[in-house]
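Inspection log for the structure reproduced underneath, given as structure tokens.
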Amino acid sequence: MPVLNSISNFMDDQKSISNAWSTIDEFRTLNNPDKSDVVELDIAMMIVLRSLDTESAAAEAGHSKRFPRYQQKYPDRTPKEELRILRQHYSARHRDLQNLERVIERRQIEIERTCDHEWEMDLSARDHRSRYDCKKCGAYR
């Protein structure tokens, strides 16, 4: 039974990819697309990009994950399900922000270690200690 389900899912995926390309082609013929046309195009593009496994290609190129859009309200869901979905979106974005902070910290340390510092006195520092900033990388001592 799982094999039959995966085959039917594959056929559904192929049908949805075909429908997505049709939507994209139709959008190209519109002279004055309205907002609903733009949203349909966005969904169609995401279907096509997902089928091409762009997440793996982007990860190999050093790019972050793309987040799916979320809705402000999910009228077809129960309140409990709606909150669960929104919390999942929040958690995914929070994890990505934490990852980005780690990337920034590692990159800053790497840059500061390899920099040929040009120290300049920070005249805006108002405390009793002298402070110097590197003109190239922003490090301070």
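In the structure tokens, chains take the letters A, B, ... in the order shown, each chain's residues start at 1, and ligands count up from 1 in the order shown.
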Residues of region 31-56 of chain A at most 10 Å from region 63-66 of chain A: nearest atom pair and distance in Å, only C-alpha atoms, as CSV:
residue,atom,partner,partner_atom,distance
A:Thr54,CA,A:Arg66,CA,9.4
A:Glu55,CA,A:Lys65,CA,6.5
A:Ser56,CA,A:Lys65,CA,9.1
Residues as selected, C-alpha atoms, written as a PDB file, in the first residue's frame, can you do that?
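Saved to part-v4.pdb:
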ATOM      1  CA  THR A  54      16.228  24.446  -4.747  1.00  0.00           C
ATOM      2  CA  GLU A  55      16.730  24.147  -0.976  1.00  0.00           C
ATOM      3  CA  SER A  56      19.603  21.681  -1.479  1.00  0.00           C
TER       4      SER A  56
END
Item to check | Shell around region 22-34 of chain A at 12 Å using only C-alpha atoms, local window under 4 positions removed, as a ChimeraX atom specification | outcome: /A:15-18,38-48
If you keep N, CA and C atoms, can you produce a file of those selected residues as a PDB file, in the first residue's frame?
ATOM      1  N   LYS A  15       1.118  16.343 -11.689  1.00  0.00           N
ATOM      2  CA  LYS A  15      -0.049  17.107 -12.126  1.00  0.00           C
ATOM      3  C   LYS A  15       0.029  18.531 -11.572  1.00  0.00           C
ATOM      4  N   SER A  16       0.418  18.654 -10.295  1.00  0.00           N
ATOM      5  CA  SER A  16       0.479  19.990  -9.705  1.00  0.00           C
ATOM      6  C   SER A  16       1.615  20.804 -10.330  1.00  0.00           C
ATOM      7  N   ILE A  17       2.720  20.152 -10.698  1.00  0.00           N
ATOM      8  CA  ILE A  17       3.808  20.863 -11.376  1.00  0.00           C
ATOM      9  C   ILE A  17       3.342  21.337 -12.748  1.00  0.00           C
ATOM     10  N   SER A  18       2.628  20.470 -13.431  1.00  0.00           N
ATOM     11  CA  SER A  18       2.086  20.846 -14.743  1.00  0.00           C
ATOM     12  C   SER A  18       1.107  22.016 -14.594  1.00  0.00           C
ATOM     13  N   VAL A  38      -1.131  37.585  -8.601  1.00  0.00           N
ATOM     14  CA  VAL A  38       0.242  37.585  -8.093  1.00  0.00           C
ATOM     15  C   VAL A  38       0.417  36.492  -7.041  1.00  0.00           C
ATOM     16  N   VAL A  39      -0.578  36.331  -6.177  1.00  0.00           N
ATOM     17  CA  VAL A  39      -0.504  35.280  -5.153  1.00  0.00           C
ATOM     18  C   VAL A  39      -0.495  33.908  -5.814  1.00  0.00           C
ATOM     19  N   GLU A  40      -1.334  33.710  -6.815  1.00  0.00           N
ATOM     20  CA  GLU A  40      -1.350  32.431  -7.544  1.00  0.00           C
ATOM     21  C   GLU A  40      -0.006  32.172  -8.211  1.00  0.00           C
ATOM     22  N   LEU A  41       0.603  33.195  -8.772  1.00  0.00           N
ATOM     23  CA  LEU A  41       1.924  33.050  -9.376  1.00  0.00           C
ATOM     24  C   LEU A  41       2.951  32.642  -8.326  1.00  0.00           C
ATOM     25  N   ASP A  42       2.907  33.282  -7.178  1.00  0.00           N
ATOM     26  CA  ASP A  42       3.843  32.972  -6.099  1.00  0.00           C
ATOM     27  C   ASP A  42       3.724  31.508  -5.677  1.00  0.00           C
ATOM     28  N   ILE A  43       2.510  31.027  -5.509  1.00  0.00           N
ATOM     29  CA  ILE A  43       2.288  29.629  -5.132  1.00  0.00           C
ATOM     30  C   ILE A  43       2.792  28.700  -6.226  1.00  0.00           C
ATOM     31  N   ALA A  44       2.508  29.028  -7.476  1.00  0.00           N
ATOM     32  CA  ALA A  44       2.960  28.203  -8.592  1.00  0.00           C
ATOM     33  C   ALA A  44       4.490  28.149  -8.648  1.00  0.00           C
ATOM     34  N   MET A  45       5.138  29.277  -8.444  1.00  0.00           N
ATOM     35  CA  MET A  45       6.606  29.305  -8.460  1.00  0.00           C
ATOM     36  C   MET A  45       7.176  28.451  -7.333  1.00  0.00           C
ATOM     37  N   MET A  46       6.558  28.491  -6.161  1.00  0.00           N
ATOM     38  CA  MET A  46       7.036  27.682  -5.046  1.00  0.00           C
ATOM     39  C   MET A  46       6.896  26.193  -5.351  1.00  0.00           C
ATOM     40  N   ILE A  47       5.815  25.803  -6.014  1.00  0.00           N
ATOM     41  CA  ILE A  47       5.633  24.399  -6.393  1.00  0.00           C
ATOM     42  C   ILE A  47       6.735  23.974  -7.353  1.00  0.00           C
ATOM     43  N   VAL A  48       7.009  24.800  -8.340  1.00  0.00           N
ATOM     44  CA  VAL A  48       8.055  24.474  -9.318  1.00  0.00           C
ATOM     45  C   VAL A  48       9.419  24.426  -8.641  1.00  0.00           C
TER      46      VAL A  48
END
Checklist entry - Looking only at the backbone, which of the residues in chain A does DSSP tag as strand (DSSP E), as a list in words? => result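 Restricting chain A to strand (DSSP E) produces Trp119, Glu120, Met121, Tyr132, Asp133 and Cys134 of chain A.
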Output file for the residues above (C-alpha atoms, as an mmCIF file, in the first residue's frame):
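Written out: again24.cif:
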data_model
loop_
_atom_site.group_PDB
_atom_site.id
_atom_site.type_symbol
_atom_site.label_atom_id
_atom_site.label_comp_id
_atom_site.auth_asym_id
_atom_site.auth_seq_id
_atom_site.Cartn_x
_atom_site.Cartn_y
_atom_site.Cartn_z
ATOM 1 C CA TRP A 119 44.103 51.374 15.276
ATOM 2 C CA GLU A 120 42.597 54.798 15.698
ATOM 3 C CA MET A 121 41.705 56.477 18.975
ATOM 4 C CA TYR A 132 40.973 52.340 20.080
ATOM 5 C CA ASP A 133 38.997 51.036 17.122
ATOM 6 C CA CYS A 134 40.317 49.330 14.008
#
Checklist entry - Could you pull out the helix (DSSP H, G or I) residues of region 110-140 of chain A from DSSP and send them as JSON, numbers by chain? => result {"A": [110, 111, 112, 113, 114]}
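Near region 107-114 of chain A, within 8 Å and counting only C-alpha atoms, sit Val103, Ile104, Glu105, Asp116, Cys137 and Ala139 of chain A, not including residues fewer than 2 positions from it in the same chain.
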Checklist outcome for this item: Pairwise distance, CA of Ser51 (chain A) with CA of Ala20 (chain A), equals 10.7 Å
Item to check | Test item: residues at most 12 Å from Ala92 (chain A), only C-alpha atoms, excluding those fewer than 6 positions along its chain, as number ranges by chain | outcome: A: 65-70, 85-86, 98-99
Checklist entry - In Å, with one decimal, what is the gap from CA of His117 (chain A) to CA of Lys136 (chain A)? => result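 Between CA of His117 (chain A) and CA of Lys136 (chain A) the gap is 6.5 Å.
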Next on the checklist: What does the structure give for the distance between CA of Asn19 (chain A) and CA of Asp53 (chain A), in Å to one decimal?
Outcome noted: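 These atoms are spaced 17.9 Å apart.
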